[in-house]
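J.: The structure follows.
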Amino acid sequence: QVQLVESGGGLVQAGGSLRLSCAASGRTLESFIMTWFRQRPGKEREFVGTIIRNGDTYYTDSVKGRFTISRDNAENTAYLRMNSLKPEDTAVYYCAATTSIAVNIPYYYTPSNYEYWGQGTQVTVSS
């Protein structure tokens, strides 16, 4: 069993930065694909970005160039660095993990394809 715990959320002004952490316990992160989702008020949970086993990263268009996903296998932690934050980035951010190896990357865009989830951390960006 894997437990994921997010941290690092908070209130920030537009243009500011935050770094979210997703600490894993129970198994090493090396064997997982780690993905960040977010859920904005009144919206469905949506894909933000993912880092696959070889370290390649993929992002939704709205965060490309502003957000960066990384992982530290020694710390068993994944990160989401968010720069140039906008009010529309306000959401609860979740990390998720799966061991599934997909034929194509869009498989990882779907929340139901993940076995493990963190509890979420609130990010609020003021204008």
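By order in the structure tokens, chains are A, B, ...; within a chain, residues start at 1; ligands start at 1, following the order shown.
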Need to verify the contact set: range 64-75 of chain A, 12 Å, only C-alpha atoms, exclusion of same-chain residues closer than 6 positions in sequence. Can you return it as a count of residues only?

T.: 41

J.: Residues within 12 Å of Gln39 in chain A, please, as a PDB file with all heavy atoms, in the first residue's frame. Count only C-alpha atoms; anything in the same chain fewer than 2 positions from it doesn't count.

T.:
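Below is the file out.pdb, written as the result:
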```
ATOM      1  N   TRP A  36       0.077  15.149 -11.221  1.00  0.00           N
ATOM      2  CA  TRP A  36      -0.652  16.170 -10.474  1.00  0.00           C
ATOM      3  C   TRP A  36      -1.955  16.488 -11.202  1.00  0.00           C
ATOM      4  O   TRP A  36      -1.969  16.703 -12.422  1.00  0.00           O
ATOM      5  CB  TRP A  36       0.182  17.433 -10.329  1.00  0.00           C
ATOM      6  CG  TRP A  36       1.340  17.263  -9.403  1.00  0.00           C
ATOM      7  CD1 TRP A  36       2.608  16.867  -9.716  1.00  0.00           C
ATOM      8  CD2 TRP A  36       1.335  17.481  -7.987  1.00  0.00           C
ATOM      9  NE1 TRP A  36       3.388  16.825  -8.596  1.00  0.00           N
ATOM     10  CE2 TRP A  36       2.639  17.199  -7.514  1.00  0.00           C
ATOM     11  CE3 TRP A  36       0.374  17.890  -7.060  1.00  0.00           C
ATOM     12  CZ2 TRP A  36       2.987  17.311  -6.171  1.00  0.00           C
ATOM     13  CZ3 TRP A  36       0.718  18.006  -5.728  1.00  0.00           C
ATOM     14  CH2 TRP A  36       2.019  17.717  -5.298  1.00  0.00           C
ATOM     15  N   PHE A  37      -3.020  16.501 -10.431  1.00  0.00           N
ATOM     16  CA  PHE A  37      -4.327  16.938 -10.899  1.00  0.00           C
ATOM     17  C   PHE A  37      -4.748  18.151 -10.065  1.00  0.00           C
ATOM     18  O   PHE A  37      -4.181  18.420  -9.016  1.00  0.00           O
ATOM     19  CB  PHE A  37      -5.374  15.829 -10.720  1.00  0.00           C
ATOM     20  CG  PHE A  37      -5.189  14.656 -11.634  1.00  0.00           C
ATOM     21  CD1 PHE A  37      -4.347  13.610 -11.296  1.00  0.00           C
ATOM     22  CD2 PHE A  37      -5.861  14.587 -12.850  1.00  0.00           C
ATOM     23  CE1 PHE A  37      -4.174  12.515 -12.144  1.00  0.00           C
ATOM     24  CE2 PHE A  37      -5.707  13.506 -13.698  1.00  0.00           C
ATOM     25  CZ  PHE A  37      -4.852  12.475 -13.340  1.00  0.00           C
ATOM     26  N   PRO A  41     -13.019  25.212  -8.265  1.00  0.00           N
ATOM     27  CA  PRO A  41     -14.386  25.279  -7.733  1.00  0.00           C
ATOM     28  C   PRO A  41     -15.432  25.057  -8.821  1.00  0.00           C
ATOM     29  O   PRO A  41     -15.405  25.710  -9.869  1.00  0.00           O
ATOM     30  CB  PRO A  41     -14.462  26.696  -7.164  1.00  0.00           C
ATOM     31  CG  PRO A  41     -13.045  27.040  -6.821  1.00  0.00           C
ATOM     32  CD  PRO A  41     -12.214  26.388  -7.885  1.00  0.00           C
ATOM     33  N   GLY A  42     -16.308  24.106  -8.578  1.00  0.00           N
ATOM     34  CA  GLY A  42     -17.388  23.827  -9.513  1.00  0.00           C
ATOM     35  C   GLY A  42     -16.981  23.063 -10.742  1.00  0.00           C
ATOM     36  O   GLY A  42     -17.801  22.874 -11.662  1.00  0.00           O
ATOM     37  N   LYS A  43     -15.732  22.607 -10.791  1.00  0.00           N
ATOM     38  CA  LYS A  43     -15.238  21.905 -11.976  1.00  0.00           C
ATOM     39  C   LYS A  43     -14.838  20.476 -11.639  1.00  0.00           C
ATOM     40  O   LYS A  43     -14.667  20.111 -10.477  1.00  0.00           O
ATOM     41  CB  LYS A  43     -14.006  22.644 -12.541  1.00  0.00           C
ATOM     42  CG  LYS A  43     -14.237  24.099 -12.886  1.00  0.00           C
ATOM     43  CD  LYS A  43     -15.136  24.240 -14.090  1.00  0.00           C
ATOM     44  CE  LYS A  43     -15.224  25.703 -14.531  1.00  0.00           C
ATOM     45  NZ  LYS A  43     -16.112  25.871 -15.706  1.00  0.00           N
ATOM     46  N   GLU A  44     -14.688  19.676 -12.674  1.00  0.00           N
ATOM     47  CA  GLU A  44     -14.196  18.317 -12.479  1.00  0.00           C
ATOM     48  C   GLU A  44     -12.678  18.340 -12.276  1.00  0.00           C
ATOM     49  O   GLU A  44     -11.996  19.302 -12.648  1.00  0.00           O
ATOM     50  CB  GLU A  44     -14.551  17.448 -13.690  1.00  0.00           C
ATOM     51  CG  GLU A  44     -16.040  17.213 -13.853  1.00  0.00           C
ATOM     52  CD  GLU A  44     -16.351  16.191 -14.921  1.00  0.00           C
ATOM     53  OE1 GLU A  44     -15.427  15.788 -15.643  1.00  0.00           O
ATOM     54  OE2 GLU A  44     -17.529  15.809 -15.048  1.00  0.00           O
ATOM     55  N   ARG A  45     -12.185  17.269 -11.700  1.00  0.00           N
ATOM     56  CA  ARG A  45     -10.740  17.130 -11.514  1.00  0.00           C
ATOM     57  C   ARG A  45     -10.072  17.070 -12.889  1.00  0.00           C
ATOM     58  O   ARG A  45     -10.531  16.332 -13.769  1.00  0.00           O
ATOM     59  CB  ARG A  45     -10.445  15.888 -10.698  1.00  0.00           C
ATOM     60  CG  ARG A  45      -9.062  15.849 -10.094  1.00  0.00           C
ATOM     61  CD  ARG A  45      -8.963  14.770  -9.028  1.00  0.00           C
ATOM     62  NE  ARG A  45      -9.869  15.021  -7.900  1.00  0.00           N
ATOM     63  CZ  ARG A  45      -9.827  14.328  -6.767  1.00  0.00           C
ATOM     64  NH1 ARG A  45      -8.945  13.363  -6.618  1.00  0.00           N
ATOM     65  NH2 ARG A  45     -10.676  14.599  -5.800  1.00  0.00           N
ATOM     66  N   GLU A  46      -8.976  17.817 -13.045  1.00  0.00           N
ATOM     67  CA  GLU A  46      -8.329  17.885 -14.347  1.00  0.00           C
ATOM     68  C   GLU A  46      -6.836  17.626 -14.234  1.00  0.00           C
ATOM     69  O   GLU A  46      -6.201  17.908 -13.217  1.00  0.00           O
ATOM     70  CB  GLU A  46      -8.564  19.269 -14.981  1.00  0.00           C
ATOM     71  CG  GLU A  46      -7.990  20.419 -14.195  1.00  0.00           C
ATOM     72  CD  GLU A  46      -8.206  21.759 -14.866  1.00  0.00           C
ATOM     73  OE1 GLU A  46      -8.679  21.808 -16.015  1.00  0.00           O
ATOM     74  OE2 GLU A  46      -7.881  22.790 -14.238  1.00  0.00           O
ATOM     75  N   PHE A  47      -6.306  17.104 -15.319  1.00  0.00           N
ATOM     76  CA  PHE A  47      -4.887  16.794 -15.414  1.00  0.00           C
ATOM     77  C   PHE A  47      -4.068  18.076 -15.459  1.00  0.00           C
ATOM     78  O   PHE A  47      -4.414  19.015 -16.180  1.00  0.00           O
ATOM     79  CB  PHE A  47      -4.663  15.982 -16.689  1.00  0.00           C
ATOM     80  CG  PHE A  47      -3.232  15.747 -17.059  1.00  0.00           C
ATOM     81  CD1 PHE A  47      -2.514  14.724 -16.472  1.00  0.00           C
ATOM     82  CD2 PHE A  47      -2.611  16.534 -18.011  1.00  0.00           C
ATOM     83  CE1 PHE A  47      -1.201  14.487 -16.836  1.00  0.00           C
ATOM     84  CE2 PHE A  47      -1.300  16.314 -18.379  1.00  0.00           C
ATOM     85  CZ  PHE A  47      -0.600  15.283 -17.788  1.00  0.00           C
ATOM     86  N   VAL A  48      -2.981  18.092 -14.686  1.00  0.00           N
ATOM     87  CA  VAL A  48      -2.041  19.214 -14.725  1.00  0.00           C
ATOM     88  C   VAL A  48      -0.746  18.792 -15.407  1.00  0.00           C
ATOM     89  O   VAL A  48      -0.284  19.432 -16.348  1.00  0.00           O
ATOM     90  CB  VAL A  48      -1.747  19.725 -13.304  1.00  0.00           C
ATOM     91  CG1 VAL A  48      -0.658  20.801 -13.343  1.00  0.00           C
ATOM     92  CG2 VAL A  48      -3.008  20.257 -12.643  1.00  0.00           C
ATOM     93  N   GLU A  88      -6.736  31.912 -12.077  1.00  0.00           N
ATOM     94  CA  GLU A  88      -7.407  30.707 -12.583  1.00  0.00           C
ATOM     95  C   GLU A  88      -6.684  29.415 -12.203  1.00  0.00           C
ATOM     96  O   GLU A  88      -7.194  28.327 -12.466  1.00  0.00           O
ATOM     97  CB  GLU A  88      -7.590  30.776 -14.105  1.00  0.00           C
ATOM     98  CG  GLU A  88      -6.328  31.084 -14.878  1.00  0.00           C
ATOM     99  CD  GLU A  88      -6.202  32.563 -15.215  1.00  0.00           C
ATOM    100  OE1 GLU A  88      -6.492  33.411 -14.340  1.00  0.00           O
ATOM    101  OE2 GLU A  88      -5.798  32.859 -16.367  1.00  0.00           O
ATOM    102  N   ASP A  89      -5.512  29.536 -11.583  1.00  0.00           N
ATOM    103  CA  ASP A  89      -4.829  28.355 -11.057  1.00  0.00           C
ATOM    104  C   ASP A  89      -5.353  27.971  -9.676  1.00  0.00           C
ATOM    105  O   ASP A  89      -4.960  26.929  -9.133  1.00  0.00           O
ATOM    106  CB  ASP A  89      -3.318  28.603 -10.952  1.00  0.00           C
ATOM    107  CG  ASP A  89      -2.657  28.783 -12.303  1.00  0.00           C
ATOM    108  OD1 ASP A  89      -2.995  28.033 -13.245  1.00  0.00           O
ATOM    109  OD2 ASP A  89      -1.791  29.679 -12.416  1.00  0.00           O
ATOM    110  N   THR A  90      -6.227  28.788  -9.115  1.00  0.00           N
ATOM    111  CA  THR A  90      -6.806  28.483  -7.802  1.00  0.00           C
ATOM    112  C   THR A  90      -7.557  27.165  -7.868  1.00  0.00           C
ATOM    113  O   THR A  90      -8.446  26.978  -8.704  1.00  0.00           O
ATOM    114  CB  THR A  90      -7.750  29.605  -7.364  1.00  0.00           C
ATOM    115  OG1 THR A  90      -6.984  30.800  -7.153  1.00  0.00           O
ATOM    116  CG2 THR A  90      -8.495  29.243  -6.091  1.00  0.00           C
ATOM    117  N   ALA A  91      -7.186  26.238  -6.986  1.00  0.00           N
ATOM    118  CA  ALA A  91      -7.759  24.891  -7.009  1.00  0.00           C
ATOM    119  C   ALA A  91      -7.219  24.107  -5.826  1.00  0.00           C
ATOM    120  O   ALA A  91      -6.258  24.523  -5.167  1.00  0.00           O
ATOM    121  CB  ALA A  91      -7.397  24.162  -8.307  1.00  0.00           C
ATOM    122  N   VAL A  92      -7.812  22.947  -5.606  1.00  0.00           N
ATOM    123  CA  VAL A  92      -7.197  21.944  -4.745  1.00  0.00           C
ATOM    124  C   VAL A  92      -6.332  21.066  -5.648  1.00  0.00           C
ATOM    125  O   VAL A  92      -6.816  20.556  -6.665  1.00  0.00           O
ATOM    126  CB  VAL A  92      -8.249  21.095  -4.016  1.00  0.00           C
ATOM    127  CG1 VAL A  92      -7.561  20.022  -3.168  1.00  0.00           C
ATOM    128  CG2 VAL A  92      -9.138  21.973  -3.147  1.00  0.00           C
ATOM    129  N   TYR A  93      -5.084  20.924  -5.280  1.00  0.00           N
ATOM    130  CA  TYR A  93      -4.134  20.155  -6.070  1.00  0.00           C
ATOM    131  C   TYR A  93      -3.911  18.795  -5.418  1.00  0.00           C
ATOM    132  O   TYR A  93      -3.690  18.708  -4.204  1.00  0.00           O
ATOM    133  CB  TYR A  93      -2.815  20.910  -6.200  1.00  0.00           C
ATOM    134  CG  TYR A  93      -2.902  22.046  -7.190  1.00  0.00           C
ATOM    135  CD1 TYR A  93      -3.608  23.203  -6.899  1.00  0.00           C
ATOM    136  CD2 TYR A  93      -2.301  21.949  -8.446  1.00  0.00           C
ATOM    137  CE1 TYR A  93      -3.717  24.234  -7.818  1.00  0.00           C
ATOM    138  CE2 TYR A  93      -2.393  22.975  -9.372  1.00  0.00           C
ATOM    139  CZ  TYR A  93      -3.113  24.110  -9.050  1.00  0.00           C
ATOM    140  OH  TYR A  93      -3.218  25.124  -9.964  1.00  0.00           O
ATOM    141  N   TYR A  94      -3.959  17.766  -6.255  1.00  0.00           N
ATOM    142  CA  TYR A  94      -3.794  16.400  -5.800  1.00  0.00           C
ATOM    143  C   TYR A  94      -2.623  15.739  -6.538  1.00  0.00           C
ATOM    144  O   TYR A  94      -2.473  15.937  -7.740  1.00  0.00           O
ATOM    145  CB  TYR A  94      -5.036  15.573  -6.105  1.00  0.00           C
ATOM    146  CG  TYR A  94      -6.302  16.048  -5.439  1.00  0.00           C
ATOM    147  CD1 TYR A  94      -7.115  16.985  -6.048  1.00  0.00           C
ATOM    148  CD2 TYR A  94      -6.696  15.529  -4.210  1.00  0.00           C
ATOM    149  CE1 TYR A  94      -8.296  17.413  -5.448  1.00  0.00           C
ATOM    150  CE2 TYR A  94      -7.875  15.939  -3.603  1.00  0.00           C
ATOM    151  CZ  TYR A  94      -8.665  16.887  -4.221  1.00  0.00           C
ATOM    152  OH  TYR A  94      -9.824  17.300  -3.620  1.00  0.00           O
ATOM    153  N   CYS A  95      -1.870  14.940  -5.804  1.00  0.00           N
ATOM    154  CA  CYS A  95      -0.935  14.069  -6.503  1.00  0.00           C
ATOM    155  C   CYS A  95      -1.524  12.661  -6.538  1.00  0.00           C
ATOM    156  O   CYS A  95      -2.293  12.274  -5.657  1.00  0.00           O
ATOM    157  CB  CYS A  95       0.447  14.072  -5.859  1.00  0.00           C
ATOM    158  SG  CYS A  95       0.531  13.377  -4.208  1.00  0.00           S
ATOM    159  N   PRO A 111      -8.220  10.633 -14.275  1.00  0.00           N
ATOM    160  CA  PRO A 111      -8.104  10.347 -12.832  1.00  0.00           C
ATOM    161  C   PRO A 111      -8.440   8.903 -12.458  1.00  0.00           C
ATOM    162  O   PRO A 111      -7.810   8.358 -11.539  1.00  0.00           O
ATOM    163  CB  PRO A 111      -9.107  11.328 -12.202  1.00  0.00           C
ATOM    164  CG  PRO A 111      -9.184  12.465 -13.164  1.00  0.00           C
ATOM    165  CD  PRO A 111      -9.052  11.835 -14.510  1.00  0.00           C
ATOM    166  N   GLY A 120      -4.931  16.132  -1.023  1.00  0.00           N
ATOM    167  CA  GLY A 120      -5.119  17.428  -1.673  1.00  0.00           C
ATOM    168  C   GLY A 120      -4.576  18.569  -0.837  1.00  0.00           C
ATOM    169  O   GLY A 120      -4.530  18.495   0.395  1.00  0.00           O
ATOM    170  N   THR A 121      -4.158  19.621  -1.524  1.00  0.00           N
ATOM    171  CA  THR A 121      -3.696  20.830  -0.858  1.00  0.00           C
ATOM    172  C   THR A 121      -4.254  22.033  -1.621  1.00  0.00           C
ATOM    173  O   THR A 121      -4.231  22.061  -2.853  1.00  0.00           O
ATOM    174  CB  THR A 121      -2.157  20.860  -0.770  1.00  0.00           C
ATOM    175  OG1 THR A 121      -1.743  21.996   0.005  1.00  0.00           O
ATOM    176  CG2 THR A 121      -1.496  20.938  -2.135  1.00  0.00           C
ATOM    177  N   GLN A 122      -4.753  23.003  -0.873  1.00  0.00           N
ATOM    178  CA  GLN A 122      -5.417  24.157  -1.485  1.00  0.00           C
ATOM    179  C   GLN A 122      -4.382  25.177  -1.945  1.00  0.00           C
ATOM    180  O   GLN A 122      -3.478  25.561  -1.183  1.00  0.00           O
ATOM    181  CB  GLN A 122      -6.366  24.816  -0.486  1.00  0.00           C
ATOM    182  CG  GLN A 122      -7.034  26.084  -0.974  1.00  0.00           C
ATOM    183  CD  GLN A 122      -8.073  25.817  -2.050  1.00  0.00           C
ATOM    184  OE1 GLN A 122      -8.900  24.921  -1.917  1.00  0.00           O
ATOM    185  NE2 GLN A 122      -8.038  26.618  -3.122  1.00  0.00           N
ATOM    186  N   VAL A 123      -4.548  25.632  -3.167  1.00  0.00           N
ATOM    187  CA  VAL A 123      -3.762  26.736  -3.702  1.00  0.00           C
ATOM    188  C   VAL A 123      -4.735  27.848  -4.079  1.00  0.00           C
ATOM    189  O   VAL A 123      -5.674  27.620  -4.848  1.00  0.00           O
ATOM    190  CB  VAL A 123      -2.952  26.304  -4.934  1.00  0.00           C
ATOM    191  CG1 VAL A 123      -2.304  27.519  -5.608  1.00  0.00           C
ATOM    192  CG2 VAL A 123      -1.891  25.290  -4.535  1.00  0.00           C
ATOM    193  N   THR A 124      -4.507  29.021  -3.525  1.00  0.00           N
ATOM    194  CA  THR A 124      -5.356  30.168  -3.816  1.00  0.00           C
ATOM    195  C   THR A 124      -4.487  31.299  -4.339  1.00  0.00           C
ATOM    196  O   THR A 124      -3.528  31.694  -3.668  1.00  0.00           O
ATOM    197  CB  THR A 124      -6.120  30.627  -2.571  1.00  0.00           C
ATOM    198  OG1 THR A 124      -6.896  29.534  -2.068  1.00  0.00           O
ATOM    199  CG2 THR A 124      -7.048  31.790  -2.900  1.00  0.00           C
TER     200      THR A 124
END
```

J.: As an exercise, work out the distance from CA of Ile105 in chain A to CA of Val63 in chain A in Å and give it to one decimal place.

T.: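 Answer for the CA of Ile105 in chain A to CA of Val63 in chain A separation: 16.9 Å.
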
J.: Skipping near chain neighbours, those fewer than 5 positions away, what residues fall within 9 Å of Tyr114 in chain A using only C-alpha atoms, listed as JSON, numbers by chain?

T.: {"A": [35, 96, 97, 98, 99, 100, 108]}
